[in-house]
Structure formats: C-alpha cells, structure tokens
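The structure under discussion appears below in the form of structure tokens.
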Amino acid sequence: MIIQALAFYVFAAIAIASGVMVVTSRNPVHSVLYLILAFFNAAALFVLIGAEFIAMILIVVYVGAVAVLFLFVVMMLDINFVELRQGFMRYMPIGALIGLVLLAELVFVGGAWTFSGEATQVMLAKTPEIAAVHNTEAIGNLMYTRYVYLFQAAGLVLLVAMIGAIVLTHRQRDGVRKQRIGAQIAVRREDVVEVVKVTKGGGV
Amino acid sequence: MLETLLAHPYLAHPFVAGYVVPTVIIVVQILAIVVPLLVAVAYLTYAERKVIAGMQLRKGPNVVGPFGLLQPLADGLKLFAKETILPAGANKLLFLMAPMLTFILSLIAWAVIPFDQGLVLADINVGVLYLFAISSLGVYGVIMAGWASNSKYAFLGALRSAAQMVSYEVSIGFVIITVLLCVGSLNLTAIVEAQRTIWFAIPLLPMFVIFFVSTLAETNRTPFDLPEGESEIVAGYFVEYSSMAFALFFLGEYANMILMSGMTSILFLGGWLPPLDIAPFNWIPGPIWFFAKISLVLFCFLWVRATFPRYRYDQLMRLGWKVFLPFSLFWVALTAGVLVTFDLLPKA
Amino acid sequence: MGATSIPVMAPAAAEIFLAIAGMILLMAGVFRKSGSMAVVSWGAVVALILAAVLVLTHGGTSAEPVFFGMFSTGPFAQFAKLLVLAGSAIAIVMSLDYMKREGIDRFEFPVLVVLATLGMMMMVSANDLIGLYVGLELQSLSLYVIASIRRDSLRSTEAGLKYFVLGAISSGMLLYGSSMIYGFAGTTDFNGLAQVFSKLGDSGPAVGVIIGLVFVISGLAFKVSAVPFHMWTPDVYEGSPTPVTALFAIAPKVAAVALLLRVMIEPFGDLIAQWQQVIVLISIFSMVLGAFAAMVQTSIKRLMAYSSIGHMGFLLVGIAAGNESGVSGVLIYLFVYLFMNVGTFACILSMRQQGRYVEGIGDLSGLSKTHPMMAFALLIFLFSMAGIPPLAGFFGKWYVFMAAIESGLYALAIIGVLASVVGAFYYLRIIKIMYFDEADEPLDAEIGGEMRVVMLVTAAVTLLFFVLPAPIVATARAAASALMGG
C-alpha cells in the first residue's frame, strides 16, 4: 500500500505542477506539452483508483487526438510573447482576485461539507461492487440504457460542432482541380489512345 | 534450490521480499522481452534490405559476415561512432527528447502483448485500449522532432505526420471495436482465445485489410511515408538528426512495425494459436506460431514497400476519411447487427 | 437491466422528430448543389410546425418523466415549447430575404436554427442537471455559430467569439454550481433534488449548496442576459446579422426563462428563502440598467438589446415571486414578449435604404410619411413594450407585478413600475422620430410579403390581446399550476 500512496502523491504532484506550468510557461508549445503531461498524470490517477477504462480513454482521446490537434495549431501560431505578457500584467489583478474568491469559496465549502441524509437513497445508479463487474462493463451497462438520452444529445452537440466548424471555415475555392476517381476509372481506351499509321518520312 | 535461496535470511527480510525481489523479477522479465525485440529490430532492417533486393533481382547486403548477417551490427557501430549534431536554432531539450520518446513508446507497448497462454508481462483488462493508446502517442515523437528541429522540412514532415496519424487512428479505432464486439472483452488474451474456432481475419476480412493498410499509415511506411518523403522533404522530421538520436528514431520505427504486426496477429490471426488444432500443428509451441505470424505480416510490410509508389497527400486523406471511415463505421453497424440478430453476442 | 427494454419515447416525439428532421435537412442541403437555402428554410419551417403539432398531441400530459427521469413533459413545458417553436419558425421566415440580399444564404443556417430549437426544447423539458446542461450546450453551440455566420464581417465574427467565450464561462459556472449541488444531494435528478431539499431541517442547506445554487443562477442568468451577466448582449445583438438578432431576442430567451423558472420552482422550490433575494437583486439591476442604458443608443439593434435586458428584469420579477400567479404571469409575459419582439424585428428587417439594410434609429425619421402602415405597427409594438394600456405589453407587466405584490415583494414591484416609466421614454423617442422628424433619406418603399404578414399578425395580436386574453391566461394558469403541483 505504501507504493500506492507514494504513486498517488507523485502523480498528483506532477499533475498540479504541470498544470501550473501550462499557465506560466513562456512558450505556448511548452504549455501544450505540459498539458499533455497533466493528462497523463490524471490517467495514472485513474488507474490508481481502478478505473483503467477511463484512464485509457483519457489517453486515447485527449492525449492521442485532441492534444495533437492543439499542438498542431499552436505550433503554427505566430504569437508575439511580449505583447501577450503586457495584457497578462494588466489583467493579472482582476484575474487573481477572481481566483482568490473561487479559492476562498472552495475552502469555505470544503470546510463545512456535509452530505444530505437522503443522498444515498436518491442516488440514481448504484455503484456496482468492483469485484463483481469490472469497470468497462459497468460503464457499458449504464451508458446505453439509463443515459441513452444524454448519449444521443451529446451526439447532437458534436454534430453541431462539426457543422459549425465547416460553416465557419470551409471555403469553396475556385481554380482547384480535384481528383475525380470515378471519371478516371470511366476513361476507356478509345477516348485517350489513338492509333496513327505513320507513313515513312511523313511524321505524325 | 530456488526455495533454499529464497529462505536465505537476507532475502526473507520483509523489505527485500516485498520490494526488491519483485522488482528484480520484473526487470528480468522486461529484459527478456526487450533484448530479443532489439535483436529482431536489427534483423528486420537486414530482412528488409534482403527482401527488397530479392524483389528487385539484386543481392542485398552480402559482404559483412556470412550472407551479410553482421550488416546490422556494422550499421549500428557506424551510427555510434558518428557525432551528434545539435542544430543551432533547435530547442535542445525537445530535440533530444523526441527520439527517446519514440523509442520508449515503441518498447512499453510490449508489456501487454501475450506471447502464449499466460506468457505476458502485464495481463491487464484493457490491453487492447492500452495498445491503441500507446500507438496513438507515437505521433508526439514525430511532432516534437519536427518542431524542435527549427527546420522547414522537418516541420512539414511533422505536420503531415500529425494529420495522417490522427486520421488513420479513427479507422483503427473502429476496426478494434468490431473485433471487440466479437470478443466481449478488451483483454488481449481473451481476444486470442476467442479465435479458437476461427481467426477473425476470415469473418472480418474487410476490416483486416483496413487494419493492415491503416497500420502502414500509422507506422509511416510506404505507400504512406509522406512524413519522411525523402524525395520531397528530404527525410522530413528527422532531417536534422544524426548519430544515436537518429538511431533511436530508426529503432523506434522498426519496433513499431513489429508491434503493429503483433497487434494484427493478435486481433486477426489468432495470436499464438495454431491454424488448426490438430496433430502436427499443435506440436509447435505457441510463441513460435506467434513469431511466424508476425514475420508473415512484416513480410507484407516489406512487400508493399517494394511494390507501391507513394500516395499523394490528398489521396491519403481521401482514403482515410472518405473510404475507410464510412466503410469501417458501416462494418461496425453490420457486425453488431449480425451478432444481435443471430444471437451470437459473446456471453459475459 | 434488460438489454432489450426500449425506453418510452412518445412524450419526446417532437424532439426526436426535430432531431431527425434536422439531419435530413442537413443532408438535403449538402446534396443539393446550389440555391438550397430557400428549400431547406421552408423545410425547416415545416419541420418546426410539425414538431409543434407533435408537442400539442404528445407533450401535454404530465406523465412520469421519461428516459430514466431525464426528460419531463407537461402543460408548462408544452406552453414554453410552443412559444420557442413559433419564435424559431418566424425567425427563419424573416431571414429568407435578408440572407439572400446580403449574400449569406447558406443552408446551414436553418439547420442550425432547427438544432438550436431542439436544444431549447430539451432545456425546457430538462428534469436533470446533466440533461439541462446538454440541452443548454446544444442550444448555445448552435447559436455561437449562427452569430458569426457572416464570417467575412469582422463584427459578426467578433460577436460570435465574444458570445462563445462568455458563454463558455457561464457554462463553466453552471457546471461548477451543479457539481456542488450534486456533491451535497448525491443526485442530479430534479425530483431527487426536490426530495432531498424538502427534508432539510431548520438548519437549512449546507453552505456548499447555497454557493452552488448561486453559481447555477449565475450561469442561467447569463443565458437570459440579466444584469450583471448582460455584457455580451449589446455587442452580440449589434454584430450578428439582423435575422439572427431577431432569433436571439426571441426563442433562446423564452427557453432560458422557462428553464430558470423550472429550476427555481422544481428542484429548489424549498430553498426559496435562499434564492429569492438573488433573483430580486438581478431583477432590479436588469430593469434599471435596461431602462437607462437604452436611452443613449443610436443603433436600433443595441437598443433592442437593452430593451430585452429590461424585459428580462420584468420577467425575473415574476420568477422572484415564486408563486403560482408569478409563474403564470411569466408565461403570459413570454407570450406577449414573443409577439412584440417578432413584430419589432419585422420592422427593423424592413429598414432598407437603396437596397442596403440600415439599423440607425435616425434612419426611421419620417417613417409615418413614407410608410404609414409600418410606422403604425411599430408604434403599437413600442407602446406595448413600454407597457401602455390596453396593449398586450401592459398585461404582461400587470400580471408579474401583481404576483410580486402577492408574495410581499412591494419594493420590487415599485421599482419595476418606475423602471418601466423610465423605459417608456426611449420607446417614445423612437415614436417621436418616426412621426415628427423629417426624413433625410426615405427608406425603400418595397416591403417583402412575408414581412407584411408577420407585421400584420403580430400587430393584431398585440393590439387586440385585451379583447380576448382568456384562452392564453387560462392556459398559462393551467401550466403554472401543473408546474407548482408537480
């Protein structure tokens, strides 16, 4: 158990430290890389609590796909860091104030936390025994039955995101020659090859 | 003998017995996987040159050692002896981290690969997702290398690679889902065991083909080697690398090829299972079958390289998004439909 | 949990239909090469009308919430959904001409409106904090895109971006608050929450719940653009294309107010002592700011933004009352608000000078000479918004103020009356410009056929509401009692 505790503190500490670095590092590419590190440690924490499915999905989706595209975009950005810093200093006090207020609230809430007596009775989905059903199966059992409404609705949200991305960025450009595979395959020999009888000394 | 050794007072100490001994055992197991793997990588480069040479009616390496068998060692020595060059404008840390990352990622994935019934370093519940996750991380080595090199060719290669790998991962994901539908588990051993009656390559033949082509794209192999594209962007993301840094990329890439072949064998070719469970076949131990299947898939990798010209980038994207993605999605739906209709769903 | 048990879906028939219709329209738009805007738009209008029919036939029963308690129907949801559907359908009709003239006639616009409407209906029917959030996001995400649909214009993209960033912050607040409430109650289900909060002792809820509740209110107040979460409204209203502004002013507001009402009354009904003062405060701020800030505007779209902030303040009066007459007052107000706003925007969308759309208040000068009918219609709408009897707007205000007095919020009612007196000033200013100023450059004579119909109908409803208010009032009362009882 000592190893588990140790691992928890190591992962948690790295996650927080890299979270801080995401905000403070000077180079946006480094920020994204720290973000990825934070994701990794979050996944490791999930593994520690026995939620290996979510851990792997976190890595596949966030690290393997989302963050790659982040990095893709950030690498191509042309940002003037000095200018960025100026804005930062100007808005720092108000940002710090809001952060402080939120932190105070969290402390306040954390200090006086109670669960209502009814909490366990009204709980929607009882957590199954971890030994009886392993977590991939448990998630699968709920996702497409109890939460089917949210699942489908989330699908619609993603559809809207896709439509939005296309509406706002896709441009039909003139003068682009696209490959038309159907047309290429439909070409017949007679259309493109002409057999010419060349007379001697006459040329084509 | 072992028991008397373990009973020795030094080893019976709780700290030693609880932490040191398991650590030593795990390290030994890891070495037992990694060392043969690196040898295999070395000889994969040799095999590549020999196979392609054979297809092009050449001889291939034949000078260093008998049949040129020592050629990989000579290549390795040469790379060791070279100078590591750090480009002046490079981001030093990331520049050096990129090849290490590629190499490490290509090794850690092997932790969950079962070589035989029970012969696996870590038999985790979500093995196939772990493999998928690790293979999707491979892109970071490439992107970091391309960006940190501070060179336009490297950067172009990195961008190409990022777009390409993310695109083909999507169809790989769907292929994996189809297999999972037929197995009902994410555990790699269970996936292999489910193929006792029939290898998935037969009922899921189209997905097998898609998976194989996608692994070609995922490992940046011909005909999808646009990130490297030596004739257009002079080796792409590792144009600035030399010496051991380059060697690490090289090793990582070939280890990835072997890994992907292993994944193909496990998902579609029945892993360590013999093709038929009858006398002459089941005399041969499982790991040998597994090795043979990996070799077969690897041969196809080399064969493809010797046969096909490189895709154009728009064709690559079209194939991934407009052909593979809809088709694999359709097959997921079809497989699920067939399994439900004929009540073939695996019982949990 | 059997694998073959299919959930009851009939109460959500309208939503399911609308989702499928949205996807079909999208496909139709993609595969028709050009000129698909008109077809898809009318298709969307038909789909919205059919959905309204389905709401009428399937959505009225106060049955048990379906989808495992995620989705609830009943007269209240039915009333709000019909308003939302009407608002969206009219907004699409009004956009047709404008979009074509401005060269932004893209078929995605009606599709996104349909999906946004679906999101609004899900919000109205939400019976779970997660369902609420997902519906809200579906609505908001579509609206962010629609706001910047004129993507080559700096102002439109700026509007979309501002809306997006601030909207994301408000969603964050909503989620933060929801998580605190979930942490306390152990459920996100509205019925479960109500059950938990009904059994609190004299000590009241934990401090975390109150903070969570405040965050949820803040997030929802952002969506209804109540002060102090209104900052985005004027810029977004001004920057977006005018038909989009019309949509923003109508449908999402109706949905968000209905949602706020449901959240306050259903799960947190027993915490009224905790939330009433918050709602009262933002209500006062909204009414006052809406009235004073609107006076100095020169763009009619900005003016409408502040006007809608003011209206939200009045609507919040009804919510703050927290009793049955408050709820019915809010519903009547929403009904009236819909017609007044649709009519006003129909007028704004008819303001053209030599083929160009204009949106300055000064451009209306001399309207009574050039377009007497339109000027008269606008007069009706503006008087109604100012709350002058016997126009419809007066009744809306009357009912919410009466509800406030009923629950003892005298100060709030008095401030509301004073704010509406101040607000009358800027509406009268427009009327003065229309009737007494000389036109520098008259507006184009031609007004589209759809606009004429819209103006005529909305003006008639606004003007003649006092003749026959009974059906609407009775429906609203029934809806309110269903909500309070449920």
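Residues are referred to by chain and number: the chain letter is A, B, ... according to the order shown in the structure tokens, the number counts from 1 in that chain, and ligands are numbered separately from 1 in the order shown.
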
If DSSP is run on the backbone, what residues of stretch 225-366 of chain C are alpha helix (DSSP H)? A reply as a ChimeraX atom specification would be ideal.
/C:232-239,242-265,272-293,300-321,324-348

What's around C:Thr458 at 12 Å? Count only C-alpha atoms, leave out sequence neighbours fewer than 5 positions away in its own chain, and write the answer as an NGL selection string.
:C and (86-87 or 90 or 335-347 or 374 or 377-378 or 380-381 or 384 or 391-392 or 451-453 or 463-465)

The residue from A:Ile181, A:Leu100, A:Leu45, A:Ala161 with the smallest atom-to-atom distance to chain B, counting only C-alpha atoms, is A:Ile181

Just the residues within 9 Å of A:Leu48, please, counting only C-alpha atoms, with nothing from its chain fewer than 6 positions along; format it as number ranges by chain.
A: 4, 7-8

For the selection just defined, write its residues with all heavy atoms to a file, as a PDB file, in the first residue's frame.
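Generated output (part-v9.pdb):
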```pdb
ATOM      1  N   GLN A   4       1.411   2.448  -3.417  1.00  0.00           N
ATOM      2  CA  GLN A   4       0.241   3.124  -3.990  1.00  0.00           C
ATOM      3  C   GLN A   4       0.151   4.562  -3.514  1.00  0.00           C
ATOM      4  O   GLN A   4      -0.073   5.475  -4.294  1.00  0.00           O
ATOM      5  CB  GLN A   4      -1.025   2.372  -3.599  1.00  0.00           C
ATOM      6  CG  GLN A   4      -1.302   1.219  -4.525  1.00  0.00           C
ATOM      7  CD  GLN A   4      -2.769   0.894  -4.551  1.00  0.00           C
ATOM      8  OE1 GLN A   4      -3.568   1.552  -3.908  1.00  0.00           O
ATOM      9  NE2 GLN A   4      -3.117  -0.109  -5.308  1.00  0.00           N
ATOM     10  N   ALA A   7       2.813   6.504  -5.141  1.00  0.00           N
ATOM     11  CA  ALA A   7       2.494   6.771  -6.547  1.00  0.00           C
ATOM     12  C   ALA A   7       1.445   7.865  -6.643  1.00  0.00           C
ATOM     13  O   ALA A   7       1.547   8.767  -7.474  1.00  0.00           O
ATOM     14  CB  ALA A   7       1.989   5.497  -7.217  1.00  0.00           C
ATOM     15  N   PHE A   8       0.461   7.805  -5.755  1.00  0.00           N
ATOM     16  CA  PHE A   8      -0.579   8.835  -5.794  1.00  0.00           C
ATOM     17  C   PHE A   8       0.034  10.212  -5.628  1.00  0.00           C
ATOM     18  O   PHE A   8      -0.232  11.126  -6.404  1.00  0.00           O
ATOM     19  CB  PHE A   8      -1.621   8.598  -4.699  1.00  0.00           C
ATOM     20  CG  PHE A   8      -2.567   9.735  -4.546  1.00  0.00           C
ATOM     21  CD1 PHE A   8      -3.608   9.887  -5.451  1.00  0.00           C
ATOM     22  CD2 PHE A   8      -2.402  10.683  -3.555  1.00  0.00           C
ATOM     23  CE1 PHE A   8      -4.472  10.956  -5.343  1.00  0.00           C
ATOM     24  CE2 PHE A   8      -3.262  11.748  -3.447  1.00  0.00           C
ATOM     25  CZ  PHE A   8      -4.295  11.891  -4.335  1.00  0.00           C
TER      26      PHE A   8
END
```

Within 7 Å of chain B, which residues of chain A are there when counting only C-alpha atoms? Please give them as JSON, numbers by chain.
{"A": [52, 53, 56, 59, 60, 64, 65, 68, 72]}

Store the residues of this selection in a file with all heavy atoms, as a short mmCIF file (atom, residue, chain, number, x, y, z; two decimals), in the first residue's frame.
```cif
data_model
loop_
_atom_site.label_atom_id
_atom_site.label_comp_id
_atom_site.auth_asym_id
_atom_site.auth_seq_id
_atom_site.Cartn_x
_atom_site.Cartn_y
_atom_site.Cartn_z
N GLU A 52 -9.43 1.73 -14.99
CA GLU A 52 -8.45 1.70 -16.08
C GLU A 52 -9.07 2.04 -17.42
O GLU A 52 -8.41 2.58 -18.30
CB GLU A 52 -7.74 0.35 -16.13
CG GLU A 52 -8.58 -0.83 -16.59
CD GLU A 52 -9.24 -1.53 -15.42
OE1 GLU A 52 -9.17 -1.02 -14.31
OE2 GLU A 52 -9.82 -2.61 -15.65
N PHE A 53 -10.38 1.79 -17.57
CA PHE A 53 -11.01 2.10 -18.85
C PHE A 53 -10.98 3.61 -19.10
O PHE A 53 -10.56 4.07 -20.16
CB PHE A 53 -12.45 1.59 -18.86
CG PHE A 53 -13.18 1.87 -20.13
CD1 PHE A 53 -12.89 1.15 -21.28
CD2 PHE A 53 -14.12 2.87 -20.21
CE1 PHE A 53 -13.54 1.41 -22.45
CE2 PHE A 53 -14.78 3.14 -21.39
CZ PHE A 53 -14.49 2.40 -22.51
N MET A 56 -7.50 4.85 -19.96
CA MET A 56 -7.07 4.61 -21.34
C MET A 56 -7.81 5.52 -22.31
O MET A 56 -7.22 6.05 -23.25
CB MET A 56 -7.31 3.15 -21.71
CG MET A 56 -6.40 2.20 -21.00
SD MET A 56 -4.69 2.62 -21.31
CE MET A 56 -3.98 2.05 -19.80
N ILE A 59 -6.32 8.86 -22.36
CA ILE A 59 -5.10 8.96 -23.16
C ILE A 59 -5.42 8.92 -24.64
O ILE A 59 -4.94 9.73 -25.43
CB ILE A 59 -4.12 7.84 -22.77
CG1 ILE A 59 -3.60 8.12 -21.36
CG2 ILE A 59 -2.98 7.79 -23.74
CD1 ILE A 59 -2.53 7.21 -20.92
N VAL A 60 -6.29 7.99 -25.04
CA VAL A 60 -6.59 7.86 -26.47
C VAL A 60 -7.22 9.14 -26.99
O VAL A 60 -6.81 9.69 -28.02
CB VAL A 60 -7.55 6.67 -26.71
CG1 VAL A 60 -8.04 6.68 -28.14
CG2 VAL A 60 -6.85 5.37 -26.42
N GLY A 64 -4.04 11.44 -27.36
CA GLY A 64 -3.77 10.92 -28.69
C GLY A 64 -4.42 11.70 -29.80
O GLY A 64 -3.95 11.67 -30.94
N ALA A 65 -5.51 12.40 -29.52
CA ALA A 65 -6.18 13.09 -30.62
C ALA A 65 -6.32 14.59 -30.36
O ALA A 65 -5.81 15.41 -31.12
CB ALA A 65 -7.55 12.46 -30.86
N VAL A 68 -3.02 16.48 -29.83
CA VAL A 68 -2.22 16.51 -31.06
C VAL A 68 -2.68 17.67 -31.92
O VAL A 68 -1.87 18.43 -32.46
CB VAL A 68 -2.35 15.19 -31.83
CG1 VAL A 68 -1.66 15.30 -33.17
CG2 VAL A 68 -1.77 14.05 -31.05
N PHE A 72 -0.74 20.92 -33.03
CA PHE A 72 -0.73 21.21 -34.47
C PHE A 72 -1.01 22.69 -34.70
O PHE A 72 -0.31 23.38 -35.44
CB PHE A 72 -1.85 20.35 -35.08
CG PHE A 72 -1.82 20.23 -36.56
CD1 PHE A 72 -1.38 19.06 -37.14
CD2 PHE A 72 -2.24 21.25 -37.37
CE1 PHE A 72 -1.36 18.92 -38.50
CE2 PHE A 72 -2.22 21.11 -38.73
CZ PHE A 72 -1.78 19.95 -39.30
#
```

C:Leu118 environment, 7 Å, only C-alpha atoms, sequence neighbours closer than 2 positions dropped, as a list in words
Glu15, Leu18, Ala19, Val114, Leu115, Ala116, Met120, Met121 and Met122 of chain C

Counting only C-alpha atoms, what is within 6 Å of stretch 417-433 of chain C, bar same-chain residues fewer than 4 positions away, as a compact mmCIF listing (two decimals) with N, CA, C and O atoms, in the first residue's frame?
```
# COMPACT_ATOMS: atom_id res chain seq x y z
N MET C 287 -33.77 45.64 -14.73
CA MET C 287 -34.79 46.61 -15.11
C MET C 287 -34.18 48.00 -15.20
O MET C 287 -34.41 48.73 -16.16
N VAL C 288 -33.37 48.35 -14.20
CA VAL C 288 -32.83 49.70 -14.15
C VAL C 288 -31.82 49.92 -15.26
O VAL C 288 -31.90 50.90 -16.01
N ALA C 291 -33.43 50.15 -18.66
CA ALA C 291 -34.13 51.40 -18.92
C ALA C 291 -33.16 52.54 -19.19
O ALA C 291 -33.35 53.32 -20.13
N MET C 295 -31.40 54.55 -23.34
CA MET C 295 -31.69 55.92 -23.75
C MET C 295 -30.65 56.50 -24.69
O MET C 295 -30.98 57.30 -25.55
N SER C 365 -36.53 58.28 -39.28
CA SER C 365 -37.20 59.58 -39.28
C SER C 365 -38.12 59.70 -40.49
O SER C 365 -37.79 59.26 -41.60
N LEU C 382 -43.99 49.42 -29.92
CA LEU C 382 -43.21 50.19 -28.96
C LEU C 382 -44.07 50.59 -27.77
O LEU C 382 -43.62 50.51 -26.62
N ALA C 386 -43.48 49.51 -23.93
CA ALA C 386 -43.43 50.49 -22.86
C ALA C 386 -44.45 50.15 -21.78
O ALA C 386 -44.37 50.65 -20.66
N ASP C 437 -40.06 63.82 -37.04
CA ASP C 437 -38.83 64.28 -37.68
C ASP C 437 -38.96 64.17 -39.18
O ASP C 437 -39.72 63.36 -39.71
```

I'd like the neighbourhood of B:Asn150 as a ChimeraX atom specification, where a residue qualifies if any of its atoms comes within 12 Å (using only C-alpha atoms), though same-chain residues fewer than 2 positions away should be ignored.
/A:75 /B:86-92,94-95,143-148,152-158,236-241

Go ahead and save the picked residues with N, CA and C atoms, as an mmCIF file, in the first residue's frame.
```cif
data_model
loop_
_atom_site.group_PDB
_atom_site.id
_atom_site.type_symbol
_atom_site.label_atom_id
_atom_site.label_comp_id
_atom_site.auth_asym_id
_atom_site.auth_seq_id
_atom_site.Cartn_x
_atom_site.Cartn_y
_atom_site.Cartn_z
ATOM 1 N N MET A 75 1.627 25.135 -32.834
ATOM 2 C CA MET A 75 2.928 25.217 -33.482
ATOM 3 C C MET A 75 2.912 26.185 -34.653
ATOM 4 N N LEU B 86 23.654 19.085 -32.818
ATOM 5 C CA LEU B 86 22.502 19.846 -32.345
ATOM 6 C C LEU B 86 22.389 21.099 -33.189
ATOM 7 N N PRO B 87 21.350 21.256 -33.978
ATOM 8 C CA PRO B 87 21.229 22.465 -34.801
ATOM 9 C C PRO B 87 21.177 23.703 -33.913
ATOM 10 N N ALA B 88 21.737 24.793 -34.416
ATOM 11 C CA ALA B 88 21.879 25.993 -33.584
ATOM 12 C C ALA B 88 20.527 26.526 -33.128
ATOM 13 N N GLY B 89 19.546 26.518 -34.004
ATOM 14 C CA GLY B 89 18.258 27.115 -33.639
ATOM 15 C C GLY B 89 17.311 26.139 -32.968
ATOM 16 N N ALA B 90 17.804 24.959 -32.634
ATOM 17 C CA ALA B 90 16.889 23.934 -32.143
ATOM 18 C C ALA B 90 16.542 24.164 -30.683
ATOM 19 N N ASN B 91 15.419 23.662 -30.305
ATOM 20 C CA ASN B 91 15.033 23.625 -28.908
ATOM 21 C C ASN B 91 15.656 22.360 -28.324
ATOM 22 N N LYS B 92 16.783 22.540 -27.594
ATOM 23 C CA LYS B 92 17.654 21.411 -27.258
ATOM 24 C C LYS B 92 16.912 20.285 -26.542
ATOM 25 N N LEU B 94 13.687 19.474 -26.223
ATOM 26 C CA LEU B 94 12.695 18.728 -27.000
ATOM 27 C C LEU B 94 13.359 17.968 -28.129
ATOM 28 N N PHE B 95 14.408 18.564 -28.672
ATOM 29 C CA PHE B 95 15.102 17.916 -29.779
ATOM 30 C C PHE B 95 15.652 16.573 -29.346
ATOM 31 N N ILE B 143 6.089 14.881 -33.959
ATOM 32 C CA ILE B 143 5.764 16.311 -33.910
ATOM 33 C C ILE B 143 6.842 17.078 -33.162
ATOM 34 N N MET B 144 7.272 16.514 -32.028
ATOM 35 C CA MET B 144 8.282 17.224 -31.254
ATOM 36 C C MET B 144 9.570 17.354 -32.046
ATOM 37 N N ALA B 145 9.949 16.286 -32.723
ATOM 38 C CA ALA B 145 11.169 16.343 -33.517
ATOM 39 C C ALA B 145 11.041 17.402 -34.589
ATOM 40 N N GLY B 146 9.910 17.413 -35.270
ATOM 41 C CA GLY B 146 9.725 18.350 -36.364
ATOM 42 C C GLY B 146 9.738 19.776 -35.885
ATOM 43 N N TRP B 147 9.131 20.014 -34.735
ATOM 44 C CA TRP B 147 9.053 21.385 -34.265
ATOM 45 C C TRP B 147 10.383 21.837 -33.670
ATOM 46 N N ALA B 148 11.001 20.940 -32.889
ATOM 47 C CA ALA B 148 12.214 21.334 -32.175
ATOM 48 C C ALA B 148 13.393 21.514 -33.123
ATOM 49 N N LYS B 152 12.359 23.886 -41.870
ATOM 50 C CA LYS B 152 11.042 23.821 -42.523
ATOM 51 C C LYS B 152 10.711 22.428 -43.022
ATOM 52 N N TYR B 153 11.711 21.690 -43.453
ATOM 53 C CA TYR B 153 11.409 20.340 -43.934
ATOM 54 C C TYR B 153 10.921 19.461 -42.788
ATOM 55 N N ALA B 154 11.626 19.598 -41.671
ATOM 56 C CA ALA B 154 11.231 18.801 -40.513
ATOM 57 C C ALA B 154 9.816 19.167 -40.090
ATOM 58 N N PHE B 155 9.530 20.457 -40.126
ATOM 59 C CA PHE B 155 8.226 20.908 -39.674
ATOM 60 C C PHE B 155 7.123 20.402 -40.587
ATOM 61 N N LEU B 156 7.397 20.468 -41.907
ATOM 62 C CA LEU B 156 6.408 19.943 -42.855
ATOM 63 C C LEU B 156 6.136 18.471 -42.594
ATOM 64 N N GLY B 157 7.229 17.742 -42.361
ATOM 65 C CA GLY B 157 7.068 16.313 -42.089
ATOM 66 C C GLY B 157 6.212 16.083 -40.857
ATOM 67 N N ALA B 158 6.458 16.929 -39.821
ATOM 68 C CA ALA B 158 5.714 16.750 -38.578
ATOM 69 C C ALA B 158 4.239 17.026 -38.794
ATOM 70 N N GLY B 236 12.043 14.463 -44.019
ATOM 71 C CA GLY B 236 11.036 15.029 -43.129
ATOM 72 C C GLY B 236 11.522 15.292 -41.728
ATOM 73 N N TYR B 237 10.805 14.731 -40.767
ATOM 74 C CA TYR B 237 11.020 15.172 -39.391
ATOM 75 C C TYR B 237 12.379 14.825 -38.833
ATOM 76 N N PHE B 238 13.055 13.800 -39.365
ATOM 77 C CA PHE B 238 14.384 13.568 -38.776
ATOM 78 C C PHE B 238 15.519 14.025 -39.678
ATOM 79 N N VAL B 239 15.256 15.050 -40.477
ATOM 80 C CA VAL B 239 16.307 15.538 -41.366
ATOM 81 C C VAL B 239 17.487 16.088 -40.565
ATOM 82 N N GLU B 240 17.241 16.644 -39.387
ATOM 83 C CA GLU B 240 18.329 17.269 -38.632
ATOM 84 C C GLU B 240 19.024 16.294 -37.686
ATOM 85 N N TYR B 241 18.581 15.053 -37.656
ATOM 86 C CA TYR B 241 19.126 14.137 -36.655
ATOM 87 C C TYR B 241 20.299 13.353 -37.213
#
```

Using only C-alpha atoms, select each residue of chain C with any atom at most 9 Å away from an atom of chain A, and give the selection as an MDAnalysis selection string.
chainID C and resid 1:3 5:7 19 67:68 70:71 106 108:109 112 115:116 119 122 130:131 134:135 137:139 141:142 144:146 148:151 180 182:189 191:193 195:197 199:200 205:209 211

9 Å contact set for stretch 333-339 of chain B, only C-alpha atoms, chain neighbours under 6 positions out, as a PDB file with N, CA and C atoms, in the first residue's frame:
```
ATOM      1  N   THR B 178     -14.929  -3.419 -33.849  1.00  0.00           N
ATOM      2  CA  THR B 178     -15.557  -4.595 -34.480  1.00  0.00           C
ATOM      3  C   THR B 178     -15.052  -5.875 -33.852  1.00  0.00           C
ATOM      4  N   LEU B 181     -16.507  -6.370 -30.458  1.00  0.00           N
ATOM      5  CA  LEU B 181     -17.891  -6.835 -30.481  1.00  0.00           C
ATOM      6  C   LEU B 181     -17.937  -8.357 -30.531  1.00  0.00           C
ATOM      7  N   CYS B 182     -16.991  -8.938 -31.264  1.00  0.00           N
ATOM      8  CA  CYS B 182     -16.999 -10.389 -31.406  1.00  0.00           C
ATOM      9  C   CYS B 182     -16.391 -11.086 -30.194  1.00  0.00           C
ATOM     10  N   LEU B 204     -14.042 -11.281 -40.641  1.00  0.00           N
ATOM     11  CA  LEU B 204     -13.919  -9.821 -40.703  1.00  0.00           C
ATOM     12  C   LEU B 204     -12.882  -9.414 -41.741  1.00  0.00           C
ATOM     13  N   LEU B 345     -23.884 -12.808 -29.801  1.00  0.00           N
ATOM     14  CA  LEU B 345     -23.107 -11.938 -28.927  1.00  0.00           C
ATOM     15  C   LEU B 345     -22.384 -12.760 -27.879  1.00  0.00           C
ATOM     16  N   PRO B 346     -21.121 -12.438 -27.621  1.00  0.00           N
ATOM     17  CA  PRO B 346     -20.394 -13.197 -26.598  1.00  0.00           C
ATOM     18  C   PRO B 346     -21.059 -13.007 -25.243  1.00  0.00           C
TER      19      PRO B 346
END
```
